file my_file10.txt (compact mmCIF, C-alpha atoms and all ligand atoms)
# COMPACT_ATOMS: atom_id res chain seq x y z
CA MET A 1 -109.29 -257.66 40.02
CA ALA A 2 -105.56 -258.39 40.28
CA GLU A 3 -104.06 -260.59 42.95
CA LEU A 4 -101.59 -258.94 45.36
CA ARG A 5 -98.45 -260.18 43.60
CA GLU A 6 -99.82 -259.43 40.16
CA PHE A 7 -100.83 -255.96 41.32
CA VAL A 8 -97.31 -255.21 42.56
CA ASP A 9 -95.75 -256.57 39.34
CA ILE A 10 -97.96 -254.29 37.28
CA LEU A 11 -97.07 -251.27 39.41
CA ARG A 12 -93.36 -252.12 39.17
CA ALA A 13 -93.50 -252.41 35.40
CA ALA A 14 -95.39 -249.14 35.01
CA GLY A 15 -93.46 -247.31 37.75
CA GLU A 16 -90.76 -245.68 35.62
CA ILE A 17 -90.98 -242.46 33.64
CA THR A 18 -90.16 -243.78 30.16
CA ARG A 19 -92.43 -246.79 30.62
CA LEU A 20 -95.29 -244.62 31.85
CA ARG A 21 -94.79 -242.35 28.83
CA LEU A 22 -94.83 -245.44 26.59
CA LEU A 23 -98.08 -246.65 28.18
CA SER A 24 -99.62 -243.24 27.73
CA LEU A 25 -98.58 -243.10 24.05
CA LEU A 26 -99.89 -246.62 23.41
CA SER A 27 -103.23 -245.68 24.93
CA ALA A 28 -103.71 -243.62 21.75
CA GLY A 29 -103.36 -246.74 19.59
CA GLU A 30 -100.90 -249.21 18.14
CA LEU A 31 -97.40 -247.90 17.34
CA SER A 32 -94.16 -249.34 15.96
CA VAL A 33 -90.81 -249.28 17.77
CA LYS A 34 -89.59 -246.89 15.12
CA ASP A 35 -92.41 -244.43 15.90
CA LEU A 36 -91.89 -244.74 19.64
CA THR A 37 -88.13 -244.20 19.33
CA GLU A 38 -88.77 -241.06 17.32
CA ILE A 39 -91.36 -239.71 19.74
CA LEU A 40 -89.32 -240.37 22.89
CA ASP A 41 -86.07 -239.28 21.25
CA GLN A 42 -84.20 -242.14 22.92
CA SER A 43 -82.05 -244.86 21.39
CA GLN A 44 -83.86 -247.84 19.88
CA PRO A 45 -82.17 -250.40 22.19
CA ARG A 46 -83.30 -248.39 25.20
CA VAL A 47 -86.88 -248.07 24.00
CA SER A 48 -86.90 -251.77 23.06
CA ARG A 49 -85.69 -252.70 26.52
CA HIS A 50 -88.54 -250.79 28.17
CA LEU A 51 -91.02 -252.29 25.73
CA ARG A 52 -89.71 -255.77 26.50
CA LEU A 53 -90.31 -255.19 30.22
CA LEU A 54 -93.82 -253.93 29.58
CA THR A 55 -94.52 -256.91 27.31
CA GLU A 56 -93.13 -259.41 29.80
CA SER A 57 -95.32 -257.97 32.54
CA GLY A 58 -98.39 -258.34 30.33
CA LEU A 59 -99.19 -254.61 30.11
CA VAL A 60 -98.39 -254.40 26.43
CA THR A 61 -98.69 -256.88 23.57
CA ARG A 62 -96.21 -257.17 20.73
CA HIS A 63 -96.98 -258.07 17.15
CA ALA A 64 -94.00 -258.76 14.86
CA GLU A 65 -94.29 -258.18 11.15
CA GLY A 66 -91.13 -258.85 9.20
CA ALA A 67 -88.51 -256.34 10.28
CA TRP A 68 -91.08 -254.24 12.18
CA ALA A 69 -92.75 -254.75 15.55
CA PHE A 70 -95.97 -253.09 16.67
CA PHE A 71 -97.06 -252.58 20.25
CA ARG A 72 -100.43 -251.97 21.85
CA LEU A 73 -101.88 -251.85 25.34
CA SER A 74 -102.92 -255.29 26.50
CA ASP A 75 -106.64 -256.08 26.51
CA GLU A 76 -106.13 -258.50 29.38
CA SER A 77 -108.65 -257.26 31.91
CA SER A 78 -106.88 -256.74 35.26
CA ALA A 79 -103.74 -255.23 33.73
CA ALA A 80 -105.77 -253.14 31.27
CA THR A 81 -108.07 -251.73 33.98
CA LEU A 82 -105.20 -250.88 36.26
CA VAL A 83 -103.15 -249.21 33.51
CA GLN A 84 -106.20 -247.25 32.39
CA HIS A 85 -106.71 -246.08 35.96
CA LEU A 86 -103.05 -245.06 36.31
CA LEU A 87 -103.11 -243.14 33.05
CA GLU A 88 -106.25 -241.27 34.07
CA GLN A 89 -104.37 -239.86 37.06
CA LEU A 90 -101.64 -238.36 34.86
CA ASP A 91 -101.77 -234.61 34.43
CA GLU A 92 -102.18 -233.93 30.71
CA SER A 93 -100.69 -230.46 31.12
CA ASP A 94 -97.37 -231.92 32.28
CA PRO A 95 -94.78 -230.50 29.83
CA VAL A 96 -93.25 -233.96 29.14
CA MET A 97 -96.66 -235.43 28.38
CA GLN A 98 -97.60 -232.47 26.20
CA ALA A 99 -94.36 -232.78 24.23
CA ASP A 100 -95.01 -236.51 23.74
CA VAL A 101 -98.50 -235.81 22.39
CA ALA A 102 -97.12 -233.13 20.05
CA ARG A 103 -94.46 -235.53 18.70
CA LEU A 104 -97.01 -238.34 18.40
CA GLU A 105 -99.18 -236.05 16.29
CA ALA A 106 -96.17 -235.09 14.16
CA VAL A 107 -95.35 -238.77 13.57
CA GLN A 108 -98.98 -239.49 12.64
CA ARG A 109 -99.01 -236.49 10.26
CA ASP A 110 -95.79 -237.78 8.70
CA HIS A 111 -97.39 -241.21 8.11
CA GLN A 112 -100.38 -239.56 6.48
CA MET A 113 -98.21 -237.32 4.30
CA ARG A 114 -96.07 -240.22 3.10
CA ALA A 115 -99.15 -242.26 2.26
CA ALA A 116 -100.81 -239.28 0.57
CA SER A 117 -97.72 -238.54 -1.51
CA TYR A 118 -97.48 -242.18 -2.61
CA PHE A 119 -101.17 -242.24 -3.57
CA SER A 120 -100.83 -238.93 -5.41
CA LYS A 121 -98.06 -240.46 -7.51
CA VAL A 122 -99.93 -243.63 -8.39
CA ALA A 123 -103.45 -242.21 -8.75
CA LYS A 124 -103.47 -242.30 -12.54
CA ASP A 125 -102.38 -245.90 -12.93
CA TRP A 126 -103.73 -247.28 -9.67
CA ASP A 127 -106.11 -249.64 -11.49
CA ARG A 128 -103.10 -251.27 -13.15
CA VAL A 129 -101.10 -251.45 -9.90
CA ARG A 130 -104.11 -253.04 -8.18
CA SER A 131 -104.37 -255.80 -10.75
CA LEU A 132 -100.81 -256.94 -9.97
CA HIS A 133 -101.77 -257.94 -6.44
CA ALA A 134 -104.07 -260.91 -6.66
CA PRO A 135 -106.41 -262.95 -8.84
CA GLU A 136 -108.57 -259.89 -9.35
CA SER A 137 -111.52 -261.52 -11.10
CA ALA A 138 -111.88 -264.21 -8.42
CA VAL A 139 -111.73 -261.60 -5.66
CA GLU A 140 -114.29 -259.38 -7.37
CA GLN A 141 -116.65 -262.30 -8.04
CA ALA A 142 -116.45 -263.32 -4.38
CA ILE A 143 -117.23 -259.73 -3.30
CA VAL A 144 -120.26 -259.61 -5.60
CA ASP A 145 -121.43 -263.02 -4.30
CA MET A 146 -121.12 -261.81 -0.71
CA MET A 147 -123.28 -258.76 -1.45
CA ALA A 148 -126.02 -260.78 -3.16
CA GLY A 149 -129.38 -260.62 -1.39
CA ILE A 150 -128.39 -257.76 0.96
CA ASP A 151 -130.70 -254.78 0.82
CA VAL A 152 -128.51 -251.68 0.62
CA ASP A 153 -129.82 -248.12 0.63
CA LEU A 154 -126.42 -246.53 1.33
CA PHE A 155 -123.09 -248.10 0.49
CA ILE A 156 -119.94 -246.31 1.69
CA ASP A 157 -116.58 -247.19 0.18
CA LEU A 158 -113.80 -245.94 2.49
CA GLY A 159 -110.43 -245.35 0.80
CA THR A 160 -112.26 -245.63 -2.50
CA GLY A 161 -109.19 -244.79 -4.62
CA THR A 162 -110.34 -244.68 -8.23
CA GLY A 163 -113.81 -245.92 -7.22
CA ARG A 164 -113.46 -249.50 -8.47
CA MET A 165 -115.70 -250.97 -5.74
CA LEU A 166 -118.44 -248.44 -6.50
CA GLU A 167 -118.27 -249.49 -10.16
CA LEU A 168 -118.21 -253.19 -9.35
CA LEU A 169 -121.13 -253.09 -6.92
CA ASP A 170 -123.29 -250.62 -8.81
CA GLY A 171 -126.74 -252.23 -8.96
CA HIS A 172 -126.35 -253.58 -5.40
CA PHE A 173 -127.07 -250.23 -3.71
CA LYS A 174 -129.43 -247.27 -4.12
CA LYS A 175 -126.78 -244.67 -3.28
CA GLY A 176 -123.01 -245.08 -3.17
CA VAL A 177 -120.47 -242.73 -1.56
CA GLY A 178 -116.73 -243.15 -2.02
CA ILE A 179 -114.42 -241.37 0.44
CA ASP A 180 -110.68 -240.91 0.02
CA SER A 181 -108.05 -238.61 1.49
CA SER A 182 -106.14 -238.27 -1.78
CA ARG A 183 -107.28 -235.44 -4.04
CA GLU A 184 -105.71 -237.15 -7.03
CA MET A 185 -107.54 -240.43 -6.42
CA ILE A 186 -110.81 -238.60 -5.88
CA SER A 187 -110.42 -236.57 -9.06
CA VAL A 188 -109.76 -239.73 -11.13
CA ALA A 189 -112.85 -241.39 -9.56
CA ARG A 190 -114.99 -238.28 -9.93
CA SER A 191 -114.27 -237.85 -13.60
CA LYS A 192 -115.00 -241.56 -14.13
CA PHE A 193 -118.49 -241.25 -12.59
CA GLU A 194 -119.19 -237.92 -14.27
CA ARG A 195 -118.40 -239.49 -17.63
CA SER A 196 -120.65 -242.49 -16.98
CA GLY A 197 -123.49 -240.26 -15.70
CA GLN A 198 -124.07 -242.32 -12.51
CA LYS A 199 -125.91 -239.69 -10.47
CA HIS A 200 -126.44 -241.96 -7.44
CA VAL A 201 -122.68 -242.37 -6.96
CA PHE A 202 -120.68 -239.62 -5.26
CA VAL A 203 -117.06 -239.33 -4.28
CA ARG A 204 -115.84 -237.09 -1.50
CA LEU A 205 -112.48 -236.00 -0.18
CA GLY A 206 -112.35 -237.13 3.43
CA ASP A 207 -110.42 -238.95 6.08
CA ILE A 208 -111.29 -242.31 7.59
CA GLY A 209 -110.40 -240.83 10.98
CA GLN A 210 -113.10 -238.14 10.63
CA LEU A 211 -116.37 -239.60 9.49
CA ASP A 212 -118.80 -237.60 11.70
CA GLU A 213 -120.77 -236.53 8.65
CA TYR A 214 -121.57 -240.16 7.81
CA GLN A 215 -122.57 -241.38 11.32
CA SER A 216 -125.09 -244.26 11.46
CA SER A 217 -126.02 -243.93 7.81
CA ALA A 218 -124.71 -246.95 5.88
CA ASP A 219 -126.09 -250.44 5.41
CA VAL A 220 -122.73 -251.62 4.13
CA THR A 221 -119.33 -249.95 4.45
CA MET A 222 -116.34 -251.32 2.58
CA LEU A 223 -112.60 -251.14 3.17
CA HIS A 224 -111.02 -252.65 0.08
CA GLN A 225 -107.22 -252.85 0.23
CA VAL A 226 -107.13 -250.00 2.72
CA LEU A 227 -106.48 -251.34 6.23
CA HIS A 228 -102.90 -252.45 5.51
CA HIS A 229 -102.06 -248.77 5.01
CA PHE A 230 -102.84 -248.05 8.66
CA VAL A 231 -100.39 -248.46 11.53
CA ASP A 232 -103.43 -249.26 13.66
CA PRO A 233 -106.07 -250.96 11.48
CA GLY A 234 -108.22 -251.54 14.59
CA GLN A 235 -108.69 -247.81 14.99
CA ALA A 236 -109.70 -247.40 11.34
CA LEU A 237 -112.22 -250.20 11.82
CA GLN A 238 -113.71 -248.44 14.86
CA SER A 239 -114.08 -245.32 12.79
CA ALA A 240 -115.67 -247.28 9.92
CA ARG A 241 -118.14 -248.86 12.33
CA GLN A 242 -119.52 -245.42 13.24
CA THR A 243 -120.85 -245.12 9.69
CA LEU A 244 -123.11 -248.16 10.14
CA LYS A 245 -126.80 -248.24 10.86
CA PRO A 246 -127.57 -250.67 13.73
CA GLY A 247 -127.02 -254.19 12.42
CA GLY A 248 -125.11 -252.88 9.38
CA ARG A 249 -122.12 -254.64 7.85
CA ILE A 250 -118.52 -253.89 7.05
CA VAL A 251 -116.75 -255.73 4.27
CA VAL A 252 -112.97 -255.76 4.59
CA VAL A 253 -110.90 -257.01 1.69
CA ASP A 254 -107.19 -257.26 2.38
CA PHE A 255 -104.12 -259.43 2.29
CA MET A 256 -103.46 -262.37 4.57
CA PRO A 257 -100.12 -262.13 6.45
CA HIS A 258 -97.15 -262.15 4.06
CA LYS A 259 -93.43 -261.45 4.01
CA LEU A 260 -93.12 -258.99 1.12
CA GLU A 261 -91.21 -256.37 3.07
CA PHE A 262 -90.57 -254.22 -0.04
CA LEU A 263 -94.27 -253.31 -0.12
CA ARG A 264 -93.67 -250.96 2.81
CA GLU A 265 -91.27 -248.83 0.80
CA GLU A 266 -92.72 -249.27 -2.66
CA GLN A 267 -96.44 -249.20 -1.90
CA ALA A 268 -96.76 -247.49 1.48
CA HIS A 269 -97.96 -250.64 3.26
CA LYS A 270 -97.81 -250.34 7.04
CA ARG A 271 -98.95 -253.88 7.83
CA LEU A 272 -97.78 -256.98 6.00
CA GLY A 273 -101.26 -258.47 5.80
CA LEU A 274 -103.89 -259.06 8.46
CA SER A 275 -104.53 -262.32 10.28
CA HIS A 276 -107.86 -263.86 11.31
CA GLU A 277 -106.88 -263.49 14.97
CA GLN A 278 -106.18 -259.78 14.53
CA MET A 279 -109.43 -259.28 12.64
CA ASP A 280 -111.40 -261.03 15.40
CA ALA A 281 -109.78 -258.84 18.07
CA TRP A 282 -110.23 -255.58 16.14
CA ALA A 283 -113.84 -256.49 15.31
CA ASN A 284 -114.68 -257.32 18.93
CA ALA A 285 -113.13 -254.09 20.16
CA ALA A 286 -115.22 -252.14 17.63
CA GLY A 287 -118.52 -253.84 18.55
CA LEU A 288 -118.49 -255.98 15.41
CA LYS A 289 -118.40 -259.73 14.84
CA VAL A 290 -116.72 -261.57 11.99
CA SER A 291 -119.64 -263.40 10.40
CA ASN A 292 -117.83 -264.74 7.34
CA ALA A 293 -114.28 -264.91 5.98
CA LYS A 294 -113.31 -266.19 2.58
CA GLU A 295 -109.70 -266.59 1.47
CA ILE A 296 -108.76 -266.36 -2.18
CA PRO A 297 -105.29 -267.85 -2.61
CA HIS A 298 -102.88 -266.36 -5.13
CA ASN A 299 -102.22 -268.31 -8.29
CA LYS A 300 -98.71 -267.07 -8.98
CA PRO A 301 -96.18 -269.94 -8.97
CA SER A 302 -93.40 -267.55 -7.93
CA GLY A 303 -95.38 -266.47 -4.85
CA GLY A 304 -98.05 -263.85 -4.45
CA LEU A 305 -100.54 -262.42 -2.05
CA THR A 306 -103.56 -264.28 -0.70
CA VAL A 307 -106.59 -262.03 -0.34
CA CYS A 308 -109.29 -262.46 2.29
CA ILE A 309 -112.80 -261.04 2.34
CA TRP A 310 -114.06 -260.55 5.89
CA HIS A 311 -117.68 -259.83 6.55
CA LEU A 312 -118.24 -258.04 9.88
CA THR A 313 -121.66 -257.44 11.41
CA ASP A 314 -122.55 -254.64 13.82
CA GLN A 315 -123.59 -256.11 17.17
CA SER A 316 -125.73 -253.21 18.46
C1 LIG A 401 -104.54 -249.32 -1.88
S1 LIG A 401 -105.64 -248.04 -2.24
C2 LIG A 401 -107.16 -248.91 -2.47
C3 LIG A 401 -108.14 -248.14 -3.30
C4 LIG A 401 -109.45 -248.87 -3.55
N1 LIG A 401 -110.15 -249.24 -2.34
C5 LIG A 401 -109.17 -250.07 -4.43
O1 LIG A 401 -109.02 -251.16 -3.91
O2 LIG A 401 -109.05 -249.87 -5.63
C6 LIG A 401 -105.83 -247.32 -0.66
C7 LIG A 401 -106.63 -246.03 -0.69
O3 LIG A 401 -106.86 -245.64 0.65
C8 LIG A 401 -106.77 -244.21 0.69
N2 LIG A 401 -106.48 -243.82 2.06
C9 LIG A 401 -105.36 -244.08 2.79
N3 LIG A 401 -105.48 -243.55 4.01
C10 LIG A 401 -106.70 -242.95 4.07
C11 LIG A 401 -107.40 -242.21 5.07
N4 LIG A 401 -106.88 -242.01 6.27
N5 LIG A 401 -108.63 -241.73 4.78
C12 LIG A 401 -109.18 -241.92 3.55
N6 LIG A 401 -108.55 -242.61 2.56
C13 LIG A 401 -107.34 -243.11 2.82
C14 LIG A 401 -105.64 -243.88 -0.28
O4 LIG A 401 -105.67 -242.55 -0.71
C15 LIG A 401 -105.91 -244.89 -1.39
O5 LIG A 401 -106.73 -244.36 -2.38
call {"tool": "encode", "arguments": {"input": "my_file10.txt", "output": "structure tokens", "more": "lines below"}}
Ligand SMILES: C[S@@+](CC[C@H](N)C(=O)[O-])C[C@H]1O[C@@H](n2cnc3c(N)ncnc32)[C@H](O)[C@@H]1O
result
Amino acid sequence: MAELREFVDILRAAGEITRLRLLSLLSAGELSVKDLTEILDQSQPRVSRHLRLLTESGLVTRHAEGAWAFFRLSDESSAATLVQHLLEQLDESDPVMQADVARLEAVQRDHQMRAASYFSKVAKDWDRVRSLHAPESAVEQAIVDMMAGIDVDLFIDLGTGTGRMLELLDGHFKKGVGIDSSREMISVARSKFERSGQKHVFVRLGDIGQLDEYQSSADVTMLHQVLHHFVDPGQALQSARQTLKPGGRIVVVDFMPHKLEFLREEQAHKRLGLSHEQMDAWANAAGLKVSNAKEIPHNKPSGGLTVCIWHLTDQS
């Protein structure tokens, strides 16, 4: 429940067409200023000014990452409930709202196409690219250690790429499925497993956003170096969680926050690392709990990327 003054402040902040459109767009997930500017077709200073007002009034939260800033609807209860209620009253068939949704979908498709075209280009030498990131052997040993003693009938590797995690963890699961949206990555992985004759390992073309086929089936689902490619990693985590059996686990391996801006252009990164606070919030929102987190610092004197392995447990 909001107090009278707070209530009025919230209504004032939301009571403007562009800001209401922004709130509606952000109800679909986290977006950058760049995306929002493109969708609304307004100047960046103007969009930023509206976003600043929404942030100041507590309806929206801002997360800065290098030169980019991402916005999401606030989880703070009274503001969140009121905004949700306001948005529910909006007529979805309103032409302005429909155009916004169409442009949002176009922007999301564009993100996916850019990522897919990058992954198509690097599919063949992805294993080499991957080894440049971090102390690979230490990371892999820590992943194996974390899996020790867990009984796994089905292991799902989301964004499997060339299937390295399926190779590494073979012996820790009865059946392994790797899913990736890049045909090139999948074909490299598939030929690898066909050659080695591992009949209990499958790879499938698929999208992390559409995992209906794999609902409630996995004991462990992994996202290894995948979440930083999402504008909204929290949404990908929610989708991943649907694959879990009750009490199942998700293992996320990704970078800690960093400042290597060039990775956006050169390696299709959307997020410059993930923080513990973000992981806690995304996990909570998805009905998961961070039960373990292990950081593996880089060992490159000139600066590198620290990797973290987060272990998330389904709370149902
Ligand atoms: C950085 S690579 C990591 C590959 C592998 N997990 C590894 O560490 O070797 C990220 C992978 O995520 C895949 N990917 C990105 N977005 C995806 C999506 N929406 N659905 C499925 N796979 C996706 C890419 O095609 C790519 O193979």
call {"tool": "atom_distance", "arguments": {"input": "my_file10.txt", "atom1": "atom CA of Gln112 of chain A", "atom2": "atom CA of Leu158 of chain A"}}
result
15.4 Å
call {"tool": "axis_aligned_box", "arguments": {"input": "my_file10.txt", "around": "ligand LIG 401 (chain A)", "padding_each_side": "4 Å", "output": "JSON"}}
result
{"center_x": -107.3, "center_y": -246.4, "center_z": 0.3, "size_x": 13.6, "size_y": 17.4, "size_z": 19.9}
call {"tool": "residues_around", "arguments": {"input": "my_file10.txt", "residues": "segment 15-22 of chain A", "least_positions_apart": "6", "cutoff": "8 Å", "atoms": "only C-alpha atoms", "output": "PDB file with C-alpha atoms, in the frame of the given file"}}
result
ATOM      1  CA  LEU A  36     -91.890-244.740  19.640  1.00  0.00           C
ATOM      2  CA  HIS A  50     -88.540-250.790  28.170  1.00  0.00           C
ATOM      3  CA  LEU A  51     -91.020-252.290  25.730  1.00  0.00           C
ATOM      4  CA  LEU A  54     -93.820-253.930  29.580  1.00  0.00           C
ATOM      5  CA  MET A  97     -96.660-235.430  28.380  1.00  0.00           C
ATOM      6  CA  ASP A 100     -95.010-236.510  23.740  1.00  0.00           C
TER       7      ASP A 100
END
call {"tool": "atom_distance", "arguments": {"input": "my_file10.txt", "atom1": "atom CA of Asp212 of chain A", "atom2": "atom CA of Phe255 of chain A"}}
result
27.9 Å
call {"tool": "residues_around", "arguments": {"input": "my_file10.txt", "residues": "Val101 of chain A", "least_positions_apart": "3", "cutoff": "10 Å", "atoms": "only C-alpha atoms", "output": "PyMOL selection string"}}
result
chain A and resi 21+24-25+28+39+92+95-98+104-107
call {"tool": "decode", "arguments": {"input": "my_file10.txt", "residues": "segment 78-101 of chain A", "atoms": "N, CA and C atoms", "output": "PDB file, in the first residue's frame"}}
result
ATOM      1  N   SER A  78       5.109  -1.235  -3.461  1.00  0.00           N
ATOM      2  CA  SER A  78       3.938  -0.394  -3.693  1.00  0.00           C
ATOM      3  C   SER A  78       3.961   0.201  -5.093  1.00  0.00           C
ATOM      4  N   ALA A  79       5.147   0.680  -5.518  1.00  0.00           N
ATOM      5  CA  ALA A  79       5.254   1.252  -6.862  1.00  0.00           C
ATOM      6  C   ALA A  79       4.975   0.174  -7.907  1.00  0.00           C
ATOM      7  N   ALA A  80       5.564  -1.016  -7.699  1.00  0.00           N
ATOM      8  CA  ALA A  80       5.427  -2.089  -8.688  1.00  0.00           C
ATOM      9  C   ALA A  80       3.961  -2.499  -8.827  1.00  0.00           C
ATOM     10  N   THR A  81       3.258  -2.626  -7.708  1.00  0.00           N
ATOM     11  CA  THR A  81       1.853  -3.069  -7.765  1.00  0.00           C
ATOM     12  C   THR A  81       1.007  -2.026  -8.477  1.00  0.00           C
ATOM     13  N   LEU A  82       1.260  -0.776  -8.151  1.00  0.00           N
ATOM     14  CA  LEU A  82       0.455   0.287  -8.746  1.00  0.00           C
ATOM     15  C   LEU A  82       0.710   0.377 -10.258  1.00  0.00           C
ATOM     16  N   VAL A  83       1.988   0.309 -10.647  1.00  0.00           N
ATOM     17  CA  VAL A  83       2.314   0.384 -12.080  1.00  0.00           C
ATOM     18  C   VAL A  83       1.678  -0.800 -12.808  1.00  0.00           C
ATOM     19  N   GLN A  84       1.782  -1.970 -12.216  1.00  0.00           N
ATOM     20  CA  GLN A  84       1.201  -3.165 -12.833  1.00  0.00           C
ATOM     21  C   GLN A  84      -0.295  -2.961 -13.048  1.00  0.00           C
ATOM     22  N   HIS A  85      -0.949  -2.398 -12.046  1.00  0.00           N
ATOM     23  CA  HIS A  85      -2.384  -2.162 -12.121  1.00  0.00           C
ATOM     24  C   HIS A  85      -2.704  -1.159 -13.235  1.00  0.00           C
ATOM     25  N   LEU A  86      -1.892  -0.085 -13.305  1.00  0.00           N
ATOM     26  CA  LEU A  86      -2.114   0.921 -14.359  1.00  0.00           C
ATOM     27  C   LEU A  86      -1.958   0.291 -15.743  1.00  0.00           C
ATOM     28  N   LEU A  87      -0.913  -0.502 -15.890  1.00  0.00           N
ATOM     29  CA  LEU A  87      -0.632  -1.083 -17.206  1.00  0.00           C
ATOM     30  C   LEU A  87      -1.731  -2.054 -17.635  1.00  0.00           C
ATOM     31  N   GLU A  88      -2.317  -2.726 -16.657  1.00  0.00           N
ATOM     32  CA  GLU A  88      -3.396  -3.680 -16.980  1.00  0.00           C
ATOM     33  C   GLU A  88      -4.620  -2.973 -17.560  1.00  0.00           C
ATOM     34  N   GLN A  89      -4.756  -1.692 -17.213  1.00  0.00           N
ATOM     35  CA  GLN A  89      -5.937  -0.952 -17.714  1.00  0.00           C
ATOM     36  C   GLN A  89      -5.731  -0.429 -19.137  1.00  0.00           C
ATOM     37  N   LEU A  90      -4.472  -0.519 -19.632  1.00  0.00           N
ATOM     38  CA  LEU A  90      -4.218   0.023 -20.975  1.00  0.00           C
ATOM     39  C   LEU A  90      -4.787  -0.900 -22.044  1.00  0.00           C
ATOM     40  N   ASP A  91      -5.380  -0.291 -23.053  1.00  0.00           N
ATOM     41  CA  ASP A  91      -5.968  -1.076 -24.135  1.00  0.00           C
ATOM     42  C   ASP A  91      -4.852  -1.514 -25.108  1.00  0.00           C
ATOM     43  N   GLU A  92      -4.650  -2.832 -25.169  1.00  0.00           N
ATOM     44  CA  GLU A  92      -3.551  -3.338 -26.017  1.00  0.00           C
ATOM     45  C   GLU A  92      -3.781  -3.078 -27.495  1.00  0.00           C
ATOM     46  N   SER A  93      -5.059  -2.823 -27.863  1.00  0.00           N
ATOM     47  CA  SER A  93      -5.321  -2.602 -29.295  1.00  0.00           C
ATOM     48  C   SER A  93      -5.130  -1.132 -29.689  1.00  0.00           C
ATOM     49  N   ASP A  94      -4.747  -0.309 -28.716  1.00  0.00           N
ATOM     50  CA  ASP A  94      -4.444   1.096 -29.040  1.00  0.00           C
ATOM     51  C   ASP A  94      -3.331   1.122 -30.088  1.00  0.00           C
ATOM     52  N   PRO A  95      -3.512   1.889 -31.195  1.00  0.00           N
ATOM     53  CA  PRO A  95      -2.519   1.854 -32.283  1.00  0.00           C
ATOM     54  C   PRO A  95      -1.102   2.227 -31.818  1.00  0.00           C
ATOM     55  N   VAL A  96      -0.988   3.169 -30.878  1.00  0.00           N
ATOM     56  CA  VAL A  96       0.360   3.557 -30.407  1.00  0.00           C
ATOM     57  C   VAL A  96       1.002   2.390 -29.669  1.00  0.00           C
ATOM     58  N   MET A  97       0.224   1.737 -28.824  1.00  0.00           N
ATOM     59  CA  MET A  97       0.742   0.596 -28.070  1.00  0.00           C
ATOM     60  C   MET A  97       1.111  -0.547 -29.008  1.00  0.00           C
ATOM     61  N   GLN A  98       0.266  -0.776 -30.012  1.00  0.00           N
ATOM     62  CA  GLN A  98       0.548  -1.862 -30.953  1.00  0.00           C
ATOM     63  C   GLN A  98       1.835  -1.591 -31.728  1.00  0.00           C
ATOM     64  N   ALA A  99       2.013  -0.310 -32.124  1.00  0.00           N
ATOM     65  CA  ALA A  99       3.229   0.041 -32.877  1.00  0.00           C
ATOM     66  C   ALA A  99       4.460  -0.143 -31.984  1.00  0.00           C
ATOM     67  N   ASP A 100       4.330   0.218 -30.701  1.00  0.00           N
ATOM     68  CA  ASP A 100       5.456   0.035 -29.776  1.00  0.00           C
ATOM     69  C   ASP A 100       5.834  -1.441 -29.674  1.00  0.00           C
ATOM     70  N   VAL A 101       4.818  -2.291 -29.543  1.00  0.00           N
ATOM     71  CA  VAL A 101       5.089  -3.732 -29.408  1.00  0.00           C
ATOM     72  C   VAL A 101       5.772  -4.242 -30.686  1.00  0.00           C
TER      73      VAL A 101
END
